[in-house]
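Below: work.txt (compact mmCIF, C-alpha atoms)
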# COMPACT_ATOMS: atom_id res chain seq x y z
CA MET A 197 14.12 8.91 26.33
CA VAL A 198 11.29 8.71 23.82
CA ILE A 199 12.06 9.84 20.29
CA ASP A 200 9.63 10.67 17.48
CA VAL A 201 11.57 13.09 15.26
CA LEU A 202 8.94 13.39 12.50
CA ARG A 203 7.21 15.05 14.19
CA ALA A 204 5.70 14.55 17.67
CA SER A 205 8.93 15.08 19.61
CA ASN A 206 9.61 18.38 17.85
CA THR A 207 6.03 19.54 18.21
CA ILE A 208 6.11 18.83 21.95
CA ILE A 209 9.50 20.50 22.43
CA THR A 210 8.49 23.52 20.36
CA ALA A 211 5.12 23.95 22.07
CA LEU A 212 6.65 23.87 25.55
CA ASN A 213 9.52 26.09 24.45
CA ASN A 214 6.95 28.58 23.17
CA GLY A 215 5.22 28.67 26.54
CA ALA A 216 2.51 25.99 26.45
CA LYS A 217 1.48 25.10 30.02
CA GLU A 218 1.26 21.35 29.50
CA ILE A 219 0.55 18.73 26.87
CA ILE A 220 -1.74 15.80 27.54
CA PRO A 221 -0.98 12.95 25.12
CA VAL A 222 -3.84 10.55 24.40
CA ALA A 223 -3.98 7.53 22.12
CA GLU A 224 -7.47 7.98 20.67
CA ILE A 225 -9.22 10.92 19.00
CA GLU A 226 -12.35 10.16 21.02
CA THR A 227 -10.43 10.51 24.28
CA ALA A 228 -9.14 13.87 23.08
CA TRP A 229 -12.70 15.14 22.53
CA GLU A 230 -13.82 13.83 25.95
CA LEU A 231 -10.95 15.66 27.64
CA LYS A 232 -11.77 18.79 25.66
CA LYS A 233 -15.34 18.71 27.06
CA LYS A 234 -13.98 18.67 30.61
CA ASN A 235 -11.32 21.29 29.81
CA PRO A 236 -12.88 23.64 27.25
CA ASP A 237 -9.98 26.11 27.47
CA TYR A 238 -7.51 23.43 26.26
CA LEU A 239 -6.44 23.35 22.62
CA LEU A 240 -6.58 20.22 20.46
CA GLY A 241 -3.57 19.10 18.44
CA GLY A 242 -2.52 16.01 16.53
CA GLU A 243 -2.67 13.98 13.36
CA ARG A 244 -3.78 10.82 11.65
CA LYS A 245 -1.82 9.73 8.55
CA SER A 246 0.25 12.93 8.98
CA LYS A 247 -2.84 15.14 8.50
CA LYS A 248 -4.62 17.47 10.94
CA ILE A 249 -7.66 15.88 12.57
CA PRO A 250 -10.98 17.57 11.55
CA GLY A 251 -12.12 20.07 14.19
CA PHE A 252 -8.72 20.25 15.90
CA ASP A 253 -6.88 23.54 16.48
CA PHE A 254 -3.54 22.22 15.26
CA GLY A 255 -2.08 19.37 13.26
CA ASN A 256 1.28 17.84 14.12
CA SER A 257 3.50 20.49 12.54
CA PRO A 258 5.79 22.10 15.12
CA LEU A 259 5.63 25.29 13.05
CA GLU A 260 1.95 25.75 13.94
CA TYR A 261 2.62 25.97 17.66
CA THR A 262 3.60 29.65 17.81
CA PRO A 263 3.85 31.59 21.11
CA GLU A 264 0.86 33.83 20.34
CA LYS A 265 -1.37 30.79 19.88
CA ILE A 266 -0.26 28.56 22.74
CA LYS A 267 1.37 30.65 25.49
CA ASN A 268 0.10 29.40 28.88
CA ARG A 269 -2.40 27.08 27.19
CA GLY A 270 -2.88 23.39 27.80
CA ILE A 271 -2.84 21.15 24.74
CA ILE A 272 -4.55 17.80 24.28
CA PHE A 273 -2.43 15.92 21.76
CA THR A 274 -2.83 12.69 19.82
CA THR A 275 -0.50 11.23 17.19
CA SER A 276 -0.14 7.82 15.52
CA ASN A 277 3.16 6.63 16.98
CA GLY A 278 4.38 9.03 19.66
CA SER A 279 1.54 8.47 22.13
CA LYS A 280 2.08 4.71 22.02
CA ALA A 281 5.81 5.12 22.65
CA LEU A 282 5.10 7.30 25.69
CA LYS A 283 2.70 4.70 27.12
CA THR A 284 5.34 2.00 26.58
CA SER A 285 7.78 4.03 28.67
CA GLU A 286 5.57 4.26 31.72
CA LYS A 287 7.59 1.73 33.74
CA ALA A 288 10.64 4.02 33.60
CA LYS A 289 11.51 6.11 36.67
CA HIS A 290 11.57 9.18 34.44
CA THR A 291 10.48 9.63 30.85
CA PHE A 292 11.76 12.46 28.68
CA VAL A 293 11.03 13.52 25.13
CA ALA A 294 14.04 13.74 22.81
CA SER A 295 14.74 14.70 19.24
CA LEU A 296 17.62 15.99 17.14
CA ALA A 297 16.79 19.50 18.39
CA ASN A 298 17.58 18.79 22.06
CA ALA A 299 19.89 15.77 21.68
CA LYS A 300 22.97 17.48 23.07
CA SER A 301 21.10 18.56 26.20
CA VAL A 302 19.67 15.08 26.55
CA SER A 303 23.19 13.58 26.45
CA LYS A 304 24.30 16.05 29.09
CA LEU A 305 21.43 14.95 31.30
CA LEU A 306 22.29 11.28 30.69
CA ASN A 307 25.93 11.91 31.60
CA SER A 308 24.75 12.98 35.05
CA LEU A 309 22.88 9.71 35.64
CA THR A 310 24.12 6.37 36.92
CA THR A 311 21.00 4.39 36.05
CA ASP A 312 20.32 2.21 33.01
CA ILE A 313 19.11 4.24 30.06
CA VAL A 314 16.57 3.19 27.45
CA ILE A 315 16.29 5.19 24.26
CA LEU A 316 12.92 4.31 22.77
CA CYS A 317 12.49 5.11 19.09
CA ALA A 318 8.79 5.49 18.31
CA GLY A 319 9.22 4.27 14.73
CA THR A 320 6.35 4.10 12.28
CA LEU A 321 3.53 1.61 12.69
CA GLY A 322 5.82 -0.84 14.45
CA PHE A 323 8.78 -0.51 12.06
CA PRO A 324 12.07 1.25 12.82
CA SER A 325 12.32 4.74 11.38
CA LEU A 326 15.48 6.30 10.02
CA GLU A 327 15.03 9.69 11.68
CA ASP A 328 14.43 8.31 15.18
CA THR A 329 17.44 6.03 14.82
CA LEU A 330 19.61 9.00 13.80
CA ALA A 331 18.49 11.01 16.82
CA ALA A 332 19.29 8.03 19.07
CA GLY A 333 22.70 7.87 17.38
CA LYS A 334 23.31 11.55 18.04
CA ILE A 335 22.41 11.19 21.71
CA ILE A 336 24.89 8.31 21.99
CA ALA A 337 27.54 10.21 20.00
CA GLU A 338 27.27 13.18 22.39
CA LEU A 339 27.77 11.10 25.54
CA GLU A 340 30.97 11.86 27.36
CA ASN A 341 33.16 8.89 28.18
CA LEU A 342 31.33 6.71 25.67
CA SER A 343 33.50 3.66 26.33
CA ALA A 344 32.19 3.50 29.90
CA TYR A 345 28.74 2.57 28.57
CA GLU A 346 27.68 -0.90 27.48
CA ILE A 347 25.75 -0.12 24.31
CA ASN A 348 23.51 -2.74 22.72
CA ASP A 349 23.73 -3.60 19.03
CA PHE A 350 20.92 -1.33 17.92
CA GLY A 351 22.64 1.51 19.77
CA LEU A 352 25.85 0.76 17.85
CA ILE A 353 23.88 0.63 14.59
CA ALA A 354 22.25 3.99 15.42
CA LEU A 355 25.60 5.53 16.34
CA SER A 356 27.34 4.53 13.10
CA SER A 357 24.31 5.44 11.03
CA TYR A 358 24.34 8.92 12.60
CA GLN A 359 28.11 9.31 12.12
CA ASN A 360 27.66 8.55 8.44
CA SER A 361 24.74 10.95 7.95
CA LYS A 362 25.47 13.86 10.30
CA SER A 363 26.94 16.12 7.65
CA ASP A 364 23.56 16.33 5.89
CA LEU A 365 20.69 15.24 8.08
CA TYR A 366 18.13 17.20 6.08
CA HIS A 367 18.70 15.28 2.84
CA THR A 368 18.95 12.04 4.78
CA LEU A 369 15.54 12.66 6.37
CA LEU A 370 14.05 13.40 2.94
CA LYS A 371 14.80 9.77 1.99
CA SER A 372 13.01 8.25 5.00
CA ARG A 373 9.50 6.84 4.81
CA ASN A 374 8.07 9.71 6.85
CA GLY A 375 10.17 12.19 4.92
CA ARG A 376 8.73 10.96 1.62
CA ARG A 377 5.25 11.06 3.07
CA LEU A 378 5.63 14.65 4.29
CA GLN A 379 7.03 15.72 0.90
CA GLU A 380 3.92 14.28 -0.76
CA LEU A 381 1.84 16.40 1.61
CA ALA A 382 3.92 19.53 0.84
CA MET A 383 5.30 19.66 4.39
CA VAL A 384 8.95 19.84 3.47
CA GLN A 385 9.44 22.78 5.88
CA ASP A 386 8.63 20.42 8.74
CA ILE A 387 11.38 18.04 7.62
CA LYS A 388 13.83 20.92 7.44
CA TYR A 389 12.86 22.14 10.91
CA CYS A 390 13.01 18.66 12.46
CA SER A 391 16.45 17.97 10.95
CA LEU A 392 18.03 20.89 12.82
CA ILE A 393 20.31 19.89 15.69
CA ASP A 394 20.97 21.52 19.06
CA THR A 395 18.47 24.32 18.64
CA CYS A 396 16.92 23.84 22.04
CA THR A 397 17.95 22.89 25.58
CA LEU A 398 14.47 22.09 26.85
CA ILE A 399 13.86 18.42 27.69
CA PRO A 400 10.14 17.76 28.15
CA GLU A 401 9.20 15.32 30.87
CA TYR A 402 6.27 12.91 30.71
CA LYS A 403 4.81 12.52 34.19
CA ASN A 404 1.35 11.65 35.51
CA ASN A 405 -0.02 11.48 31.97
CA LYS A 406 1.16 15.01 31.16
CA ILE A 407 4.16 16.38 29.33
CA ILE A 408 5.67 19.40 31.03
CA ASN A 409 8.72 21.60 30.99
CA PRO A 410 10.61 20.19 33.99
CA ILE A 411 12.51 23.44 34.55
CA GLU A 412 9.29 24.83 35.98
CA ASN A 413 9.14 21.84 38.29
CA SER A 414 11.94 20.45 40.41
CA VAL A 415 13.05 17.22 38.81
CA ASN A 416 15.12 15.09 41.12
CA LEU A 417 16.65 12.16 39.24
CA MET B 111 18.28 -13.35 1.61
CA VAL B 112 18.82 -14.67 5.12
CA ILE B 113 21.79 -13.30 7.03
CA ASP B 114 23.43 -14.66 10.18
CA VAL B 115 27.01 -13.39 10.00
CA LEU B 116 28.13 -14.71 13.40
CA ARG B 117 28.22 -17.47 12.41
CA ALA B 118 25.63 -19.71 10.74
CA SER B 119 25.75 -17.98 7.33
CA ASN B 120 29.52 -18.31 7.16
CA THR B 121 29.49 -21.88 8.37
CA ILE B 122 26.94 -22.83 5.69
CA ILE B 123 28.80 -20.96 2.92
CA THR B 124 32.14 -22.44 3.97
CA ALA B 125 30.83 -26.00 4.29
CA LEU B 126 29.25 -25.94 0.83
CA ASN B 127 32.28 -24.20 -0.64
CA ASN B 128 34.44 -26.97 0.81
CA GLY B 129 32.32 -29.63 -0.88
CA ALA B 130 29.59 -30.60 1.58
CA LYS B 131 26.73 -32.30 -0.31
CA GLU B 132 23.89 -30.60 1.55
CA ILE B 133 22.99 -29.06 4.88
CA ILE B 134 19.73 -29.87 6.64
CA PRO B 135 18.88 -27.09 9.11
CA VAL B 136 16.68 -28.08 12.03
CA ALA B 137 15.38 -26.02 14.94
CA GLU B 138 15.74 -28.58 17.73
CA ILE B 139 18.64 -30.75 18.89
CA GLU B 140 16.25 -33.68 19.28
CA THR B 141 15.23 -33.42 15.62
CA ALA B 142 18.89 -33.46 14.66
CA TRP B 143 19.43 -36.76 16.52
CA GLU B 144 16.29 -38.29 14.96
CA LEU B 145 17.53 -37.36 11.48
CA LYS B 146 20.96 -38.77 12.32
CA LYS B 147 19.36 -42.13 13.17
CA LYS B 148 17.75 -42.26 9.72
CA ASN B 149 20.91 -40.98 7.99
CA PRO B 150 23.83 -42.44 9.95
CA ASP B 151 26.36 -41.24 7.36
CA TYR B 152 25.38 -37.59 7.95
CA LEU B 153 27.47 -35.39 10.21
CA LEU B 154 26.04 -33.31 13.05
CA GLY B 155 26.88 -29.62 13.43
CA GLY B 156 25.59 -26.70 15.44
CA GLU B 157 25.59 -24.77 18.68
CA ARG B 158 23.68 -23.66 21.71
CA LYS B 159 24.88 -20.47 23.44
CA SER B 160 27.72 -20.36 20.88
CA LYS B 161 29.10 -23.73 22.09
CA LYS B 162 29.30 -27.10 20.33
CA ILE B 163 26.46 -29.46 21.26
CA PRO B 164 27.66 -32.56 23.18
CA GLY B 165 28.05 -35.55 20.86
CA PHE B 166 28.03 -33.46 17.69
CA ASP B 167 30.81 -33.65 15.09
CA PHE B 168 31.12 -29.88 14.74
CA GLY B 169 30.21 -26.69 16.52
CA ASN B 170 29.22 -23.56 14.62
CA SER B 171 32.71 -22.38 13.72
CA PRO B 172 33.17 -22.15 9.94
CA LEU B 173 36.84 -22.99 10.49
CA GLU B 174 35.92 -26.52 11.58
CA TYR B 175 34.28 -27.41 8.28
CA THR B 176 37.44 -28.29 6.32
CA PRO B 177 37.31 -30.15 2.97
CA GLU B 178 38.88 -33.32 4.32
CA LYS B 179 36.15 -33.61 6.97
CA ILE B 180 33.05 -32.73 4.98
CA LYS B 181 33.65 -33.31 1.27
CA ASN B 182 30.54 -34.99 -0.23
CA ARG B 183 28.99 -35.38 3.21
CA GLY B 184 25.54 -34.33 4.32
CA ILE B 185 25.35 -32.19 7.46
CA ILE B 186 22.49 -31.91 9.93
CA PHE B 187 22.75 -28.43 11.40
CA THR B 188 21.08 -26.60 14.28
CA THR B 189 21.78 -23.11 15.58
CA SER B 190 19.99 -20.68 17.87
CA ASN B 191 18.95 -17.96 15.42
CA GLY B 192 19.76 -18.99 11.85
CA SER B 193 17.35 -21.95 11.67
CA LYS B 194 14.47 -19.76 12.81
CA ALA B 195 15.28 -17.12 10.20
CA LEU B 196 15.29 -19.77 7.45
CA LYS B 197 11.88 -21.05 8.57
CA THR B 198 10.54 -17.46 8.53
CA SER B 199 11.64 -17.12 4.92
CA GLU B 200 9.71 -20.13 3.65
CA LYS B 201 7.03 -18.04 1.93
CA ALA B 202 9.65 -16.54 -0.40
CA LYS B 203 9.91 -17.86 -3.96
CA HIS B 204 13.61 -18.41 -3.36
CA THR B 205 15.65 -18.23 -0.18
CA PHE B 206 19.40 -17.70 -0.19
CA VAL B 207 22.00 -17.52 2.55
CA ALA B 208 24.07 -14.34 2.65
CA SER B 209 26.92 -12.93 4.68
CA LEU B 210 29.73 -10.42 4.31
CA ALA B 211 31.75 -13.14 2.53
CA ASN B 212 29.40 -13.46 -0.46
CA ALA B 213 27.63 -10.07 -0.30
CA LYS B 214 28.97 -8.82 -3.63
CA SER B 215 27.77 -11.95 -5.44
CA VAL B 216 24.42 -11.65 -3.69
CA SER B 217 24.04 -8.08 -4.95
CA LYS B 218 24.91 -9.22 -8.46
CA LEU B 219 22.18 -11.85 -8.25
CA LEU B 220 19.70 -9.26 -6.91
CA ASN B 221 20.54 -6.91 -9.78
CA SER B 222 19.32 -9.57 -12.19
CA LEU B 223 15.91 -9.83 -10.48
CA THR B 224 12.77 -7.74 -10.92
CA THR B 225 10.94 -9.11 -7.89
CA ASP B 226 10.63 -7.60 -4.43
CA ILE B 227 13.58 -8.45 -2.24
CA VAL B 228 13.54 -9.14 1.49
CA ILE B 229 16.81 -9.14 3.39
CA LEU B 230 16.15 -10.98 6.63
CA CYS B 231 18.67 -10.38 9.40
CA ALA B 232 18.57 -13.30 11.84
CA GLY B 233 19.56 -11.12 14.79
CA THR B 234 20.10 -12.51 18.26
CA LEU B 235 17.22 -13.85 20.33
CA GLY B 236 14.78 -11.49 18.62
CA PHE B 237 16.99 -8.39 18.78
CA PRO B 238 18.75 -6.76 15.82
CA SER B 239 22.42 -7.60 15.56
CA LEU B 240 25.12 -5.27 14.37
CA GLU B 241 26.92 -7.76 12.13
CA ASP B 242 23.79 -8.86 10.24
CA THR B 243 22.79 -5.23 9.73
CA LEU B 244 26.24 -4.44 8.31
CA ALA B 245 26.03 -7.34 5.86
CA ALA B 246 22.57 -6.14 4.76
CA GLY B 247 24.09 -2.67 4.32
CA LYS B 248 26.89 -4.07 2.18
CA ILE B 249 24.44 -5.96 -0.05
CA ILE B 250 22.49 -2.72 -0.54
CA ALA B 251 25.67 -0.70 -1.10
CA GLU B 252 26.78 -3.12 -3.84
CA LEU B 253 23.52 -2.88 -5.80
CA GLU B 254 23.89 -1.24 -9.17
CA ASN B 255 21.50 1.60 -9.91
CA LEU B 256 20.64 1.97 -6.23
CA SER B 257 18.28 4.90 -6.79
CA ALA B 258 15.96 2.62 -8.78
CA TYR B 259 15.15 0.70 -5.59
CA GLU B 260 12.66 1.79 -2.96
CA ILE B 261 14.54 0.96 0.21
CA ASN B 262 12.75 0.87 3.55
CA ASP B 263 14.05 2.75 6.58
CA PHE B 264 15.88 -0.17 8.11
CA GLY B 265 17.61 -0.71 4.77
CA LEU B 266 18.72 2.94 4.82
CA ILE B 267 19.92 2.55 8.41
CA ALA B 268 21.86 -0.60 7.44
CA LEU B 269 23.37 1.12 4.41
CA SER B 270 24.65 4.15 6.33
CA SER B 271 25.82 1.99 9.22
CA TYR B 272 27.84 -0.11 6.75
CA GLN B 273 29.24 2.96 4.98
CA ASN B 274 30.49 4.25 8.32
CA SER B 275 32.07 0.94 9.38
CA LYS B 276 33.34 -0.62 6.16
CA SER B 277 36.93 0.52 6.62
CA ASP B 278 37.28 -1.71 9.69
CA LEU B 279 34.61 -4.36 9.92
CA TYR B 280 36.68 -6.62 12.13
CA HIS B 281 36.97 -4.14 14.99
CA THR B 282 33.35 -3.16 14.51
CA LEU B 283 32.26 -6.79 14.89
CA LEU B 284 34.35 -7.12 18.06
CA LYS B 285 32.04 -4.53 19.67
CA SER B 286 28.83 -6.38 18.84
CA ARG B 287 26.98 -8.54 21.35
CA ASN B 288 27.94 -11.75 19.52
CA GLY B 289 31.46 -10.46 19.01
CA ARG B 290 31.90 -9.90 22.74
CA ARG B 291 30.42 -13.34 23.46
CA LEU B 292 32.81 -15.07 21.03
CA GLN B 293 35.77 -13.20 22.51
CA GLU B 294 34.80 -14.50 25.95
CA LEU B 295 34.83 -18.01 24.48
CA ALA B 296 38.24 -17.44 22.86
CA MET B 297 36.78 -17.64 19.34
CA VAL B 298 38.23 -14.41 18.04
CA GLN B 299 39.46 -16.19 14.88
CA ASP B 300 35.83 -16.81 13.95
CA ILE B 301 35.08 -13.09 14.20
CA LYS B 302 38.08 -12.31 12.01
CA TYR B 303 37.01 -14.89 9.42
CA CYS B 304 33.38 -13.74 9.39
CA SER B 305 34.38 -10.08 9.00
CA LEU B 306 36.11 -10.77 5.66
CA ILE B 307 34.27 -9.48 2.59
CA ASP B 308 33.96 -10.87 -0.93
CA THR B 309 35.94 -14.02 -0.27
CA CYS B 310 33.38 -16.29 -1.89
CA THR B 311 30.94 -16.26 -4.82
CA LEU B 312 28.84 -19.19 -3.67
CA ILE B 313 25.27 -18.34 -2.67
CA PRO B 314 23.66 -21.24 -0.82
CA GLU B 315 19.99 -21.86 -1.56
CA TYR B 316 17.47 -23.12 0.98
CA LYS B 317 14.96 -25.36 -0.78
CA ASN B 318 12.78 -28.29 0.33
CA ASN B 319 14.25 -28.09 3.85
CA LYS B 320 17.82 -28.41 2.60
CA ILE B 321 20.57 -25.91 1.91
CA ILE B 322 22.48 -26.66 -1.26
CA ASN B 323 24.98 -25.14 -3.64
CA PRO B 324 22.64 -24.02 -6.43
CA ILE B 325 25.43 -24.13 -9.04
CA GLU B 326 25.10 -27.89 -8.91
CA ASN B 327 21.40 -27.48 -9.55
CA SER B 328 19.76 -25.32 -12.19
CA VAL B 329 18.21 -22.40 -10.37
CA ASN B 330 15.68 -20.58 -12.49
CA LEU B 331 14.61 -17.35 -10.81
Could you render the structure from this file as structure tokens?
Amino acid sequence: MVIDVLRASNTIITALNNGAKEIIPVAEIETAWELKKKNPDYLLGGERKSKKIPGFDFGNSPLEYTPEKIKNRGIIFTTSNGSKALKTSEKAKHTFVASLANAKSVSKLLNSLTTDIVILCAGTLGFPSLEDTLAAGKIIAELENLSAYEINDFGLIALSSYQNSKSDLYHTLLKSRNGRRLQELAMVQDIKYCSLIDTCTLIPEYKNNKIINPIENSVNL
Amino acid sequence: MVIDVLRASNTIITALNNGAKEIIPVAEIETAWELKKKNPDYLLGGERKSKKIPGFDFGNSPLEYTPEKIKNRGIIFTTSNGSKALKTSEKAKHTFVASLANAKSVSKLLNSLTTDIVILCAGTLGFPSLEDTLAAGKIIAELENLSAYEINDFGLIALSSYQNSKSDLYHTLLKSRNGRRLQELAMVQDIKYCSLIDTCTLIPEYKNNKIINPIENSVNL
């Protein structure tokens, strides 16, 4: 489970939920342009320092990815932290994209598994981020039969941090490093949107360098 | 502020509070023996894998460091994580040892400073530990005029994790990786002792490779 609450996870979930065909995450802007040349009908999305990349169709605000703009379209996508986290997860049997929005569905999926589970918080430039930790905590909190799991210390920290903050996630996210950054850039609506819980059941899967809606494919765990 | 709740911080605080002259932390067991040769009147304390090192006078249980055994004695001390954390802190103008036991006093000291503050959680073998995070959270929670500080995301995570757990720190610590390890080794009394808050006002200082009680020295911050 890869988490980047502000905002890549929510952008990916929203885009697929609004009918995007697939999302191709890449680490570098140059790679995005090269892919665009080979796939001229694909759209370009992503950010650097939270801002839209010049020449791109979209930034990294989930609110931009509306059905009329992205339905059945492929999206080439590059962000500062999320892409790296996805690459890190490539040794996993399956990699899914999680956020506060789909956390309950994610926990339901995890309940059905008997394998080890890694929740990978993307963080910000190598440091832990509050919002990703809270989403990890919510996923853990929603697990059935919690005492049957052996949870590591950071999982326990995430769980108690979420328990303490769940009554007002929006104002908690405002205090985070990314939250403060997005406020400076007048993107407070993004923080509000990304703080909403259980708004979506879709769990994007990262597979063969693409992120897809696994409902349209048969995922056998 | 260097934190290693289970158990180096508490052992250091307790030893100095019980009258030890000074504690010399070293990374390697071999170095401890070499120092002992040069200072035969010094006592040897420390652990590997939570257990007392063969030939040493003490393990890493704070309960061993009673006044009758250590009053006015120097102690050569080596533990798995705490020594490394102290070495990491050497660029700081001042380095102090903190735990749940002296957290309130630590916050009081921090309130009097205008410098940047780093709270360094020793963790376990490179991973974050629950108990150190909770002590960091308590130090932050006890700061006066909290809104005047710019707290990074891990500080916010620690704060909310502490707020959620403060009503029962003992049972929270039992769930941690180190807590489970100490239970296996029948050292549950150490967990109980280390989970106690505000039992001590002493704040050990690490200076010139020694840990001392700064009250006996004039510390000018």
Give the centre and edge lengths of an axis-aligned box, in Å to one decimal, that holds all listed atoms of segment 233-247 of chain A with 4 Å on each side, as JSON.
{"center_x": -7.5, "center_y": 17.9, "center_z": 19.6, "size_x": 23.6, "size_y": 24.4, "size_z": 30.1}
Provide as a PyMOL selection string the residues of chain A at most 8 Å from chain B, counting all atoms listed in the file.
chain A and resi 324-326+329+348-350+352-361+372-373
For Lys289 of chain A, list every protein, DNA or RNA residue within 10 Å, evaluated using all atoms listed in the file, and leave out those in the same chain fewer than 3 positions away; present the list as a ChimeraX atom specification.
/A:285-286,311,403,417
Write the residues of the selection above to a file with C-alpha atoms, as a CSV table (one decimal), keeping the file's coordinate frame.
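What ended up in out.csv:
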chain,number,residue,atom,x,y,z
A,285,SER,CA,7.8,4.0,28.7
A,286,GLU,CA,5.6,4.3,31.7
A,311,THR,CA,21.0,4.4,36.0
A,403,LYS,CA,4.8,12.5,34.2
A,417,LEU,CA,16.6,12.2,39.2
List the spatial neighbours of Gln299 of chain B as a CSV table (one decimal) with C-alpha atoms, in the frame of the given file - criterion: any atom at most 12 Å away, all atoms listed in the file, same-chain residues fewer than 2 positions off excluded.
chain,number,residue,atom,x,y,z
B,116,LEU,CA,28.1,-14.7,13.4
B,117,ARG,CA,28.2,-17.5,12.4
B,171,SER,CA,32.7,-22.4,13.7
B,172,PRO,CA,33.2,-22.2,9.9
B,173,LEU,CA,36.8,-23.0,10.5
B,174,GLU,CA,35.9,-26.5,11.6
B,280,TYR,CA,36.7,-6.6,12.1
B,283,LEU,CA,32.3,-6.8,14.9
B,284,LEU,CA,34.4,-7.1,18.1
B,289,GLY,CA,31.5,-10.5,19.0
B,292,LEU,CA,32.8,-15.1,21.0
B,293,GLN,CA,35.8,-13.2,22.5
B,295,LEU,CA,34.8,-18.0,24.5
B,296,ALA,CA,38.2,-17.4,22.9
B,297,MET,CA,36.8,-17.6,19.3
B,301,ILE,CA,35.1,-13.1,14.2
B,302,LYS,CA,38.1,-12.3,12.0
B,303,TYR,CA,37.0,-14.9,9.4
B,304,CYS,CA,33.4,-13.7,9.4
B,305,SER,CA,34.4,-10.1,9.0
B,306,LEU,CA,36.1,-10.8,5.7
What does the distance from atom CA of Asn277 of chain A to atom CA of Ser205 of chain A come to in Å, to one decimal?
10.6 Å
Just the number, please: distance in Å from atom CA of Ala344 of chain A to atom CA of Ile315 of chain A, one decimal.
17.0 Å
Within 12 Å of (26.6, -32.1, 10.7) (coordinates as in the file), grab all the protein and nucleic acid residues, counting only C-alpha atoms, and write them out as an MDAnalysis selection string.
chainID B and resid 121:122 125:126 130:136 139 142:143 145:146 149:157 162:163 165:172 174:175 179:189
Kindly give the distance, in Å, that separates atom CA of Ile322 of chain B and atom CA of Gly236 of chain B, rounded to a single decimal.
26.2 Å
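Candidate residues B:Asp308, B:Glu178, B:Asp242, B:Glu254 were compared for distance to Leu230 of chain B, and the nearest is B:Asp242, using only C-alpha atoms.
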Pick the closest to Ser277 of chain B from B:Thr311, B:Lys248, B:Val112, B:Leu220: which is it, counting only C-alpha atoms?
B:Lys248
If you count only C-alpha atoms, which residues fall within 10 Å of Val216 of chain B, apart from same-chain ones fewer than 2 positions away, as a list in words?
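Everything that qualifies: Met111, Phe206, Val207, Ala208, Ser209, Leu210, Ala211, Asn212, Ala213, Lys214, Lys218, Leu219, Leu220, Asn221, Lys248, Ile249, Ile250, Glu252, Leu253, Asp308, Thr311, Leu312 and Ile313 of chain B.
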Option closest in space to Ile113 of chain B, from B:Ser193, B:Ser160, B:Asn323, B:Ser215 [counting all atoms listed in the file]:
B:Ser193
